[in-house]
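**Q** This is the structure I have questions about; it appears just below.
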Protein chains: 2
Amino acid sequence: MRSFLTGLECRGCCTAVAADRLVGPCPTCGQALLASYDLGGVRGATSPKDWSGRPTGLWRYRELLPVQDAAHIVSLGELATPILRLVPKDPSTGAELWGKDDGRLPTGSFKARGMAVAVSRALELGAASLFVPSAGNAALALSAYAARARVPARVYLPTDTSNMIQEACRTYGAQVVTVPGSISDAGRLAREKEVGRGSFDLSTLREPYRVEGKKTMALEIFDQMGPEDLPDVIVYPTGGGTGIVGMFKGFNELLELGWIDRVPRLMSVQSEGCAPLIRALRNDEPRIVPWDRPWTVAPGLLVPAPFSSERVLEAIRGSKGNGVTVTDDQILCAMGDLARDHGLSVSPEAAAAYAGLGALFAHQMIRSSERVLVYFTGTGLPFRVSELSRDLRSAGPGRPGDR
Amino acid sequence: MRSFLTGLECRGCCTAVAADRLVGPCPTCGQALLASYDLGGVRGATSPKDWSGRPTGLWRYRELLPVQDAAHIVSLGELATPILRLVPKDPSTGAELWGKDDGRLPTGSFKARGMAVAVSRALELGAASLFVPSAGNAALALSAYAARARVPARVYLPTDTSNMIQEACRTYGAQVVTVPGSISDAGRLAREKEVGRGSFDLSTLREPYRVEGKKTMALEIFDQMGPEDLPDVIVYPTGGGTGIVGMFKGFNELLELGWIDRVPRLMSVQSEGCAPLIRALRNDEPRIVPWDRPWTVAPGLLVPAPFSSERVLEAIRGSKGNGVTVTDDQILCAMGDLARDHGLSVSPEAAAAYAGLGALFAHQMIRSSERVLVYFTGTGLPFRVSELSRDLRSAGPGRPGDR
């Protein structure tokens, strides 16, 4: 079992970069670099049947992941998360609904996928300390994986990130820096402050390997459902968009390997208080325009200017997907509905994806005969709907008219 | 794949009871009833090798579980939880340490195991509504599984149960009744109030099937580590004790099946603010004496009068195990240590087990050459050490001198 990583490539300007050292964005054009694999080699070395004999979880897909030496894997037990059938109480459509519960990963969110792979690879390539700007979940995940690996980590969080998350990061031993504004502001400050510290930047899409971790969402859905029963549509809550880029990349590698014959349509859901990607989709633009006065009750969706949005939009369009916005009230209602109707407690971001189903059916972006998988990116355990609702009432005026 | 359940038995007075209807405690002596299986039949029908071809999680062990018809299984995706190596920062002993992270189950705790099985079986046998007294985690689990099954649930919680848990239960659609005092008081009131409502009591050890769900802890440890590499010792935080009874029962069934040749020693850890089981172990008594003025920062350990404590003490002694107490300060320190040193965020109860290692080594209940598994029963995600610490300072005076 070995990695078939061959190099890194910028899909913007086609620059190729060696994968044998720590790198950030494309040195030529500044966009995201993505990893390439020798897929012929992968096909010769393994198969889905072969995978099924290995322990479950994301390291099952070692050939398609960048870590070279298994001894460098930093793991907190990244299990294959369950895919559950969702039977609507009032079956308004004939669609077959499934939910994948990534709240069951270490630190309670899908961010563990990206960080498990990116931290392992960064340390393999010699990083001595790590930092990330985050709306919360990525900071939690980095803090935990850095603690597990015993390397220093710094996390840059918007000032109004919940105290619970700030304290949890500190408890893991990470240094917490709070920054007024959004995650984009936190990212700018982080990169300024970290200059000359010899630290490695794990910002979304600014290094190539968090995407590889997120890619395992696609590999795992394929592995669990099989090529025949793949969903027609995956509904995904979108902040920075690494997940979308990762899933599209994963499904395309499976396609090239000849193991599947179609890619599920990727449907993005954003909050109407911060929807730069959906606006770009509607306006048929190749990249986003930063969102003015962003606010939403779902911190993970509060990304007003996703980096390398070209790649995210390409992935959505390339999969023949699309996207919708939901209101914050719909997000809170969906949290309640999922708990009451299905026994599932999910994060506001995950609830946003579920809330988006209504508009997706209404706009016929999903047909009633299709198999639909809603991606639940995080657990609801640390959240209280009543508190989120209070936040929403008090922050209401900051909501933007611009869209 | 079918269940080999044959009946129920009271280990106190040897009364046998049929397993084909809803039952509570032993009709003769009032102690816990435990399920029996046709182990010869199990041996003929399946094997550990056979299990390894099935999806992971507790339903892999169908032959040794009570649910008759797979269509009655109520599931939220009960995966096999990861077992992680714990390398001490300062290796003061030569022991080989492992941790099993049940915080990754639905609703964030090991209570999901018991409730998944007990709710499925209660509904299979015709229960129309369900109730439970709980310190918190069992209520969360019942609320979620009842929501998933769409049956009404009522949970009886001590008044000072965290608002977060109370609200989460309500969000799942359960009815929450708060009761002044401890879980024992909540249990008394629950049984009074529920008379004549046609509802089924899921209190710890007062029905036979939560133990069967907990038994899967033993089956899963065996399945994951193998017969050769079983831990010598399992360190387990103990409130009501169903987990200890379940694990001992599970290992003994494996022994009778001839699949293992020894049972790990079960070491119980309680808080010194509520340690009726440890006191009974020290005083060599067959059952507990209710604990006076109980208080601990770990709600799940706040069980002053565990029901059917004879069974719990029998299990600890039968495994050649023992137990220790820890202080609340040690519990809070252990939460920090586990996060900082191992990247693990666990509940106060789980941290108590880890905190107990010091005393267990000091009293030579564990030898330095042994393989030790610490059972992490719940996630730390919804907890803040600073808040628990504040609770501890303000509740301090209520701590008992009686032990």
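Starting from 1 in every chain, residues are counted up; chains themselves are A, B, ... following the order of the structure tokens, and ligands are numbered from 1 as listed.
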Quick check: residues of chain A within 6 Å of chain B, only C-alpha atoms, returned as a ChimeraX atom specification.

**A** /A:77,82,104,144,147-148,171-173,336,339-340,342-343,382

**Q** Just N, CA and C atoms for this one: save the residues we selected as a compact mmCIF listing (two decimals), in the first residue's frame.

**A**
```
# COMPACT_ATOMS: atom_id res chain seq x y z
N GLY A 77 -8.56 8.42 14.52
CA GLY A 77 -9.60 7.43 14.24
C GLY A 77 -10.66 7.98 13.30
N PRO A 82 -21.45 7.16 8.90
CA PRO A 82 -22.63 6.43 8.42
C PRO A 82 -23.46 7.23 7.41
N ARG A 104 -19.66 12.70 13.08
CA ARG A 104 -19.14 11.58 13.85
C ARG A 104 -17.62 11.43 13.70
N ALA A 144 -6.67 19.78 17.46
CA ALA A 144 -6.65 18.39 17.92
C ALA A 144 -5.55 17.58 17.21
N ALA A 147 -2.15 18.63 18.43
CA ALA A 147 -1.90 18.07 19.77
C ALA A 147 -1.50 16.61 19.64
N ARG A 148 -2.25 15.88 18.83
CA ARG A 148 -1.95 14.46 18.64
C ARG A 148 -0.53 14.26 18.12
N THR A 171 -7.68 24.38 25.05
CA THR A 171 -7.54 23.16 25.84
C THR A 171 -6.66 22.15 25.09
N TYR A 172 -6.78 22.13 23.77
CA TYR A 172 -5.89 21.26 22.97
C TYR A 172 -4.45 21.79 22.97
N GLY A 173 -4.25 22.96 23.53
CA GLY A 173 -2.89 23.51 23.60
C GLY A 173 -2.56 24.46 22.46
N GLY A 336 -34.27 21.74 13.91
CA GLY A 336 -35.36 21.12 14.67
C GLY A 336 -35.98 19.95 13.93
N ALA A 339 -33.83 16.80 14.01
CA ALA A 339 -33.83 16.16 15.33
C ALA A 339 -35.16 15.43 15.53
N ARG A 340 -36.26 16.13 15.31
CA ARG A 340 -37.57 15.59 15.63
C ARG A 340 -37.98 14.47 14.67
N HIS A 342 -35.95 12.75 12.42
CA HIS A 342 -34.97 11.72 12.05
C HIS A 342 -34.02 11.34 13.18
N GLY A 343 -34.12 12.01 14.34
CA GLY A 343 -33.22 11.69 15.45
C GLY A 343 -31.79 12.16 15.22
N PRO A 382 -22.69 20.61 20.18
CA PRO A 382 -22.33 21.80 20.96
C PRO A 382 -23.26 23.00 20.73
```

**Q** DSSP on the backbone, then: every residue of region 43-284 of chain B marked strand (DSSP E), written as a ChimeraX atom specification.

**A** /B:83-86,96-101,130-133,153-158,175-179,200-201,233-237,265-271

**Q** Which residues are near region 236-246 of chain B? Cut-off 8 Å, only C-alpha atoms, ignore same chain within fewer than 5 positions. Put them as a PyMOL selection string.

**A** chain B and resi 204-205+210-218+266-270+300-303+305-307+309+311-312+315-316+349-350+352-353+374-377

**Q** Could you please write out, as a PDB file with all heavy atoms, in the first residue's frame, every residue of region 283-346 of chain B that DSSP assigns to alpha helix (DSSP H)?

**A**
```
ATOM      1  N   SER B 309     -26.952  -3.550  42.339  1.00  0.00           N
ATOM      2  CA  SER B 309     -25.495  -3.378  42.463  1.00  0.00           C
ATOM      3  C   SER B 309     -24.801  -4.717  42.676  1.00  0.00           C
ATOM      4  O   SER B 309     -23.607  -4.848  42.412  1.00  0.00           O
ATOM      5  CB  SER B 309     -25.164  -2.416  43.596  1.00  0.00           C
ATOM      6  OG  SER B 309     -25.640  -2.914  44.847  1.00  0.00           O
ATOM      7  N   GLU B 310     -25.569  -5.727  43.125  1.00  0.00           N
ATOM      8  CA  GLU B 310     -24.992  -7.080  43.254  1.00  0.00           C
ATOM      9  C   GLU B 310     -24.365  -7.515  41.930  1.00  0.00           C
ATOM     10  O   GLU B 310     -23.288  -8.110  41.903  1.00  0.00           O
ATOM     11  CB  GLU B 310     -26.090  -8.099  43.626  1.00  0.00           C
ATOM     12  CG  GLU B 310     -26.683  -7.938  45.015  1.00  0.00           C
ATOM     13  CD  GLU B 310     -27.855  -6.957  45.059  1.00  0.00           C
ATOM     14  OE1 GLU B 310     -28.000  -6.138  44.114  1.00  0.00           O
ATOM     15  OE2 GLU B 310     -28.603  -7.000  46.038  1.00  0.00           O
ATOM     16  N   ARG B 311     -25.098  -7.264  40.829  1.00  0.00           N
ATOM     17  CA  ARG B 311     -24.608  -7.706  39.523  1.00  0.00           C
ATOM     18  C   ARG B 311     -23.332  -6.950  39.139  1.00  0.00           C
ATOM     19  O   ARG B 311     -22.413  -7.514  38.559  1.00  0.00           O
ATOM     20  CB  ARG B 311     -25.677  -7.465  38.434  1.00  0.00           C
ATOM     21  CG  ARG B 311     -26.981  -8.271  38.541  1.00  0.00           C
ATOM     22  CD  ARG B 311     -26.811  -9.748  38.317  1.00  0.00           C
ATOM     23  NE  ARG B 311     -26.439 -10.441  39.539  1.00  0.00           N
ATOM     24  CZ  ARG B 311     -27.262 -10.660  40.583  1.00  0.00           C
ATOM     25  NH1 ARG B 311     -28.514 -10.265  40.562  1.00  0.00           N
ATOM     26  NH2 ARG B 311     -26.823 -11.302  41.654  1.00  0.00           N
ATOM     27  N   VAL B 312     -23.302  -5.664  39.467  1.00  0.00           N
ATOM     28  CA  VAL B 312     -22.145  -4.843  39.097  1.00  0.00           C
ATOM     29  C   VAL B 312     -20.912  -5.316  39.878  1.00  0.00           C
ATOM     30  O   VAL B 312     -19.831  -5.522  39.309  1.00  0.00           O
ATOM     31  CB  VAL B 312     -22.419  -3.349  39.382  1.00  0.00           C
ATOM     32  CG1 VAL B 312     -21.260  -2.493  38.872  1.00  0.00           C
ATOM     33  CG2 VAL B 312     -23.740  -2.901  38.762  1.00  0.00           C
ATOM     34  N   LEU B 313     -21.095  -5.514  41.177  1.00  0.00           N
ATOM     35  CA  LEU B 313     -19.968  -5.936  42.023  1.00  0.00           C
ATOM     36  C   LEU B 313     -19.494  -7.340  41.645  1.00  0.00           C
ATOM     37  O   LEU B 313     -18.290  -7.609  41.600  1.00  0.00           O
ATOM     38  CB  LEU B 313     -20.376  -5.861  43.500  1.00  0.00           C
ATOM     39  CG  LEU B 313     -20.605  -4.415  43.994  1.00  0.00           C
ATOM     40  CD1 LEU B 313     -21.386  -4.408  45.308  1.00  0.00           C
ATOM     41  CD2 LEU B 313     -19.278  -3.673  44.151  1.00  0.00           C
ATOM     42  N   GLU B 314     -20.440  -8.212  41.362  1.00  0.00           N
ATOM     43  CA  GLU B 314     -20.107  -9.562  40.874  1.00  0.00           C
ATOM     44  C   GLU B 314     -19.231  -9.507  39.623  1.00  0.00           C
ATOM     45  O   GLU B 314     -18.289 -10.286  39.474  1.00  0.00           O
ATOM     46  CB  GLU B 314     -21.399 -10.272  40.445  1.00  0.00           C
ATOM     47  CG  GLU B 314     -21.937 -11.327  41.358  1.00  0.00           C
ATOM     48  CD  GLU B 314     -23.329 -11.750  40.868  1.00  0.00           C
ATOM     49  OE1 GLU B 314     -23.541 -11.864  39.620  1.00  0.00           O
ATOM     50  OE2 GLU B 314     -24.203 -11.938  41.734  1.00  0.00           O
ATOM     51  N   ALA B 315     -19.598  -8.598  38.707  1.00  0.00           N
ATOM     52  CA  ALA B 315     -18.856  -8.500  37.438  1.00  0.00           C
ATOM     53  C   ALA B 315     -17.429  -8.030  37.704  1.00  0.00           C
ATOM     54  O   ALA B 315     -16.471  -8.594  37.167  1.00  0.00           O
ATOM     55  CB  ALA B 315     -19.573  -7.544  36.478  1.00  0.00           C
ATOM     56  N   ILE B 316     -17.281  -7.004  38.515  1.00  0.00           N
ATOM     57  CA  ILE B 316     -15.935  -6.488  38.822  1.00  0.00           C
ATOM     58  C   ILE B 316     -15.106  -7.592  39.486  1.00  0.00           C
ATOM     59  O   ILE B 316     -13.985  -7.895  39.069  1.00  0.00           O
ATOM     60  CB  ILE B 316     -16.015  -5.250  39.737  1.00  0.00           C
ATOM     61  CG1 ILE B 316     -16.732  -4.113  39.008  1.00  0.00           C
ATOM     62  CG2 ILE B 316     -14.626  -4.821  40.198  1.00  0.00           C
ATOM     63  CD1 ILE B 316     -17.056  -2.898  39.886  1.00  0.00           C
ATOM     64  N   ARG B 317     -15.699  -8.230  40.506  1.00  0.00           N
ATOM     65  CA  ARG B 317     -14.954  -9.274  41.233  1.00  0.00           C
ATOM     66  C   ARG B 317     -14.724 -10.501  40.359  1.00  0.00           C
ATOM     67  O   ARG B 317     -13.651 -11.105  40.389  1.00  0.00           O
ATOM     68  CB  ARG B 317     -15.722  -9.667  42.496  1.00  0.00           C
ATOM     69  CG  ARG B 317     -15.710  -8.573  43.549  1.00  0.00           C
ATOM     70  CD  ARG B 317     -16.563  -8.942  44.757  1.00  0.00           C
ATOM     71  NE  ARG B 317     -16.492  -7.894  45.764  1.00  0.00           N
ATOM     72  CZ  ARG B 317     -17.552  -7.367  46.381  1.00  0.00           C
ATOM     73  NH1 ARG B 317     -18.782  -7.803  46.097  1.00  0.00           N
ATOM     74  NH2 ARG B 317     -17.392  -6.424  47.274  1.00  0.00           N
ATOM     75  N   GLY B 318     -15.748 -10.848  39.585  1.00  0.00           N
ATOM     76  CA  GLY B 318     -15.651 -12.037  38.735  1.00  0.00           C
ATOM     77  C   GLY B 318     -14.539 -11.913  37.699  1.00  0.00           C
ATOM     78  O   GLY B 318     -13.944 -12.915  37.277  1.00  0.00           O
ATOM     79  N   ASP B 328     -12.576  15.370  41.910  1.00  0.00           N
ATOM     80  CA  ASP B 328     -13.095  16.165  40.797  1.00  0.00           C
ATOM     81  C   ASP B 328     -11.992  16.991  40.150  1.00  0.00           C
ATOM     82  O   ASP B 328     -11.999  17.204  38.931  1.00  0.00           O
ATOM     83  CB  ASP B 328     -14.246  17.055  41.282  1.00  0.00           C
ATOM     84  CG  ASP B 328     -15.541  16.265  41.437  1.00  0.00           C
ATOM     85  OD1 ASP B 328     -15.681  15.211  40.785  1.00  0.00           O
ATOM     86  OD2 ASP B 328     -16.421  16.694  42.195  1.00  0.00           O
ATOM     87  N   ASP B 329     -11.053  17.447  40.953  1.00  0.00           N
ATOM     88  CA  ASP B 329      -9.928  18.198  40.369  1.00  0.00           C
ATOM     89  C   ASP B 329      -9.117  17.312  39.429  1.00  0.00           C
ATOM     90  O   ASP B 329      -8.692  17.756  38.359  1.00  0.00           O
ATOM     91  CB  ASP B 329      -9.019  18.753  41.472  1.00  0.00           C
ATOM     92  CG  ASP B 329      -9.622  19.990  42.124  1.00  0.00           C
ATOM     93  OD1 ASP B 329     -10.120  20.861  41.385  1.00  0.00           O
ATOM     94  OD2 ASP B 329      -9.624  20.075  43.360  1.00  0.00           O
ATOM     95  N   GLN B 330      -8.932  16.071  39.835  1.00  0.00           N
ATOM     96  CA  GLN B 330      -8.206  15.142  38.954  1.00  0.00           C
ATOM     97  C   GLN B 330      -8.967  14.923  37.640  1.00  0.00           C
ATOM     98  O   GLN B 330      -8.370  14.791  36.573  1.00  0.00           O
ATOM     99  CB  GLN B 330      -7.975  13.807  39.667  1.00  0.00           C
ATOM    100  CG  GLN B 330      -6.922  13.903  40.777  1.00  0.00           C
ATOM    101  CD  GLN B 330      -6.793  12.603  41.573  1.00  0.00           C
ATOM    102  OE1 GLN B 330      -7.794  11.951  41.879  1.00  0.00           O
ATOM    103  NE2 GLN B 330      -5.564  12.235  41.903  1.00  0.00           N
ATOM    104  N   ILE B 331     -10.288  14.879  37.727  1.00  0.00           N
ATOM    105  CA  ILE B 331     -11.102  14.709  36.511  1.00  0.00           C
ATOM    106  C   ILE B 331     -10.877  15.874  35.556  1.00  0.00           C
ATOM    107  O   ILE B 331     -10.634  15.688  34.355  1.00  0.00           O
ATOM    108  CB  ILE B 331     -12.602  14.573  36.871  1.00  0.00           C
ATOM    109  CG1 ILE B 331     -12.855  13.262  37.633  1.00  0.00           C
ATOM    110  CG2 ILE B 331     -13.477  14.674  35.615  1.00  0.00           C
ATOM    111  CD1 ILE B 331     -14.292  13.090  38.127  1.00  0.00           C
ATOM    112  N   LEU B 332     -10.927  17.092  36.095  1.00  0.00           N
ATOM    113  CA  LEU B 332     -10.758  18.266  35.226  1.00  0.00           C
ATOM    114  C   LEU B 332      -9.345  18.318  34.638  1.00  0.00           C
ATOM    115  O   LEU B 332      -9.168  18.637  33.460  1.00  0.00           O
ATOM    116  CB  LEU B 332     -11.087  19.549  35.989  1.00  0.00           C
ATOM    117  CG  LEU B 332     -12.549  19.667  36.456  1.00  0.00           C
ATOM    118  CD1 LEU B 332     -12.794  21.031  37.086  1.00  0.00           C
ATOM    119  CD2 LEU B 332     -13.516  19.438  35.301  1.00  0.00           C
ATOM    120  N   CYS B 333      -8.346  17.973  35.462  1.00  0.00           N
ATOM    121  CA  CYS B 333      -6.972  17.928  34.936  1.00  0.00           C
ATOM    122  C   CYS B 333      -6.860  16.913  33.813  1.00  0.00           C
ATOM    123  O   CYS B 333      -6.206  17.154  32.791  1.00  0.00           O
ATOM    124  CB  CYS B 333      -5.980  17.534  36.027  1.00  0.00           C
ATOM    125  SG  CYS B 333      -5.621  18.888  37.122  1.00  0.00           S
ATOM    126  N   ALA B 334      -7.497  15.770  33.996  1.00  0.00           N
ATOM    127  CA  ALA B 334      -7.404  14.716  32.985  1.00  0.00           C
ATOM    128  C   ALA B 334      -8.045  15.151  31.665  1.00  0.00           C
ATOM    129  O   ALA B 334      -7.560  14.805  30.581  1.00  0.00           O
ATOM    130  CB  ALA B 334      -8.062  13.434  33.495  1.00  0.00           C
ATOM    131  N   MET B 335      -9.124  15.937  31.745  1.00  0.00           N
ATOM    132  CA  MET B 335      -9.726  16.454  30.499  1.00  0.00           C
ATOM    133  C   MET B 335      -8.694  17.275  29.740  1.00  0.00           C
ATOM    134  O   MET B 335      -8.540  17.144  28.520  1.00  0.00           O
ATOM    135  CB  MET B 335     -10.972  17.299  30.799  1.00  0.00           C
ATOM    136  CG  MET B 335     -12.181  16.491  31.227  1.00  0.00           C
ATOM    137  SD  MET B 335     -13.656  17.521  31.608  1.00  0.00           S
ATOM    138  CE  MET B 335     -14.289  17.825  29.937  1.00  0.00           C
ATOM    139  N   GLY B 336      -7.977  18.136  30.472  1.00  0.00           N
ATOM    140  CA  GLY B 336      -6.937  18.947  29.841  1.00  0.00           C
ATOM    141  C   GLY B 336      -5.793  18.098  29.308  1.00  0.00           C
ATOM    142  O   GLY B 336      -5.317  18.296  28.183  1.00  0.00           O
ATOM    143  N   ASP B 337      -5.347  17.145  30.106  1.00  0.00           N
ATOM    144  CA  ASP B 337      -4.215  16.300  29.688  1.00  0.00           C
ATOM    145  C   ASP B 337      -4.544  15.526  28.417  1.00  0.00           C
ATOM    146  O   ASP B 337      -3.710  15.417  27.505  1.00  0.00           O
ATOM    147  CB  ASP B 337      -3.870  15.284  30.784  1.00  0.00           C
ATOM    148  CG  ASP B 337      -3.239  15.960  31.999  1.00  0.00           C
ATOM    149  OD1 ASP B 337      -2.873  17.155  31.902  1.00  0.00           O
ATOM    150  OD2 ASP B 337      -3.138  15.300  33.056  1.00  0.00           O
ATOM    151  N   LEU B 338      -5.739  14.967  28.365  1.00  0.00           N
ATOM    152  CA  LEU B 338      -6.113  14.164  27.191  1.00  0.00           C
ATOM    153  C   LEU B 338      -6.168  15.027  25.937  1.00  0.00           C
ATOM    154  O   LEU B 338      -5.767  14.584  24.851  1.00  0.00           O
ATOM    155  CB  LEU B 338      -7.468  13.482  27.429  1.00  0.00           C
ATOM    156  CG  LEU B 338      -7.364  12.232  28.295  1.00  0.00           C
ATOM    157  CD1 LEU B 338      -8.729  11.834  28.842  1.00  0.00           C
ATOM    158  CD2 LEU B 338      -6.774  11.076  27.480  1.00  0.00           C
ATOM    159  N   ALA B 339      -6.661  16.248  26.073  1.00  0.00           N
ATOM    160  CA  ALA B 339      -6.717  17.155  24.910  1.00  0.00           C
ATOM    161  C   ALA B 339      -5.298  17.536  24.493  1.00  0.00           C
ATOM    162  O   ALA B 339      -4.924  17.398  23.324  1.00  0.00           O
ATOM    163  CB  ALA B 339      -7.544  18.395  25.254  1.00  0.00           C
ATOM    164  N   ARG B 340      -4.505  18.001  25.439  1.00  0.00           N
ATOM    165  CA  ARG B 340      -3.185  18.542  25.125  1.00  0.00           C
ATOM    166  C   ARG B 340      -2.213  17.449  24.691  1.00  0.00           C
ATOM    167  O   ARG B 340      -1.426  17.628  23.772  1.00  0.00           O
ATOM    168  CB  ARG B 340      -2.630  19.239  26.359  1.00  0.00           C
ATOM    169  CG  ARG B 340      -2.045  20.599  26.108  1.00  0.00           C
ATOM    170  CD  ARG B 340      -1.594  21.255  27.409  1.00  0.00           C
ATOM    171  NE  ARG B 340      -1.518  20.330  28.509  1.00  0.00           N
ATOM    172  CZ  ARG B 340      -2.392  20.234  29.514  1.00  0.00           C
ATOM    173  NH1 ARG B 340      -3.443  21.030  29.557  1.00  0.00           N
ATOM    174  NH2 ARG B 340      -2.224  19.353  30.468  1.00  0.00           N
ATOM    175  N   ASP B 341      -2.232  16.317  25.378  1.00  0.00           N
ATOM    176  CA  ASP B 341      -1.224  15.283  25.115  1.00  0.00           C
ATOM    177  C   ASP B 341      -1.634  14.311  24.015  1.00  0.00           C
ATOM    178  O   ASP B 341      -0.784  13.664  23.393  1.00  0.00           O
ATOM    179  CB  ASP B 341      -0.945  14.461  26.383  1.00  0.00           C
ATOM    180  CG  ASP B 341      -0.347  15.317  27.495  1.00  0.00           C
ATOM    181  OD1 ASP B 341       0.039  16.463  27.214  1.00  0.00           O
ATOM    182  OD2 ASP B 341      -0.289  14.834  28.640  1.00  0.00           O
ATOM    183  N   HIS B 342      -2.948  14.156  23.796  1.00  0.00           N
ATOM    184  CA  HIS B 342      -3.387  13.114  22.862  1.00  0.00           C
ATOM    185  C   HIS B 342      -4.368  13.612  21.800  1.00  0.00           C
ATOM    186  O   HIS B 342      -4.805  12.828  20.953  1.00  0.00           O
ATOM    187  CB  HIS B 342      -4.026  11.961  23.646  1.00  0.00           C
ATOM    188  CG  HIS B 342      -3.138  11.382  24.699  1.00  0.00           C
ATOM    189  ND1 HIS B 342      -1.999  10.677  24.396  1.00  0.00           N
ATOM    190  CD2 HIS B 342      -3.188  11.443  26.053  1.00  0.00           C
ATOM    191  CE1 HIS B 342      -1.397  10.305  25.521  1.00  0.00           C
ATOM    192  NE2 HIS B 342      -2.088  10.761  26.536  1.00  0.00           N
TER     193      HIS B 342
END
```

**Q** My list of candidates is B:Asp223, B:Asp229, B:Glu124, B:Glu370. Which is closest to Pro48 (chain B) when distances are computed with only C-alpha atoms?

**A**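 Using only C-alpha atoms, the shortest distance to Pro48 (chain B) belongs to B:Asp223.
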
**Q** Fewer than 4 positions away in the same chain doesn't count, so skip those; otherwise give me all residues within 12 Å of Pro133 (chain B), counting only C-alpha atoms, as a ChimeraX atom specification.

**A** /B:137-143,153-159,161,175-179,181-194,200-206,240,300,303

**Q** Which residues come within 6 Å of region 10-21 of chain A, counting only C-alpha atoms, excluding same-chain residues fewer than 2 positions away, as a PyMOL selection string?

**A** chain A and resi 7-8+33+125

**Q** Of the candidates B:Ser347, B:Gln68, B:Ser319, B:Asn252, which shows the shortest atom-to-atom distance to Leu219 (chain B), using only C-alpha atoms?

**A** B:Asn252
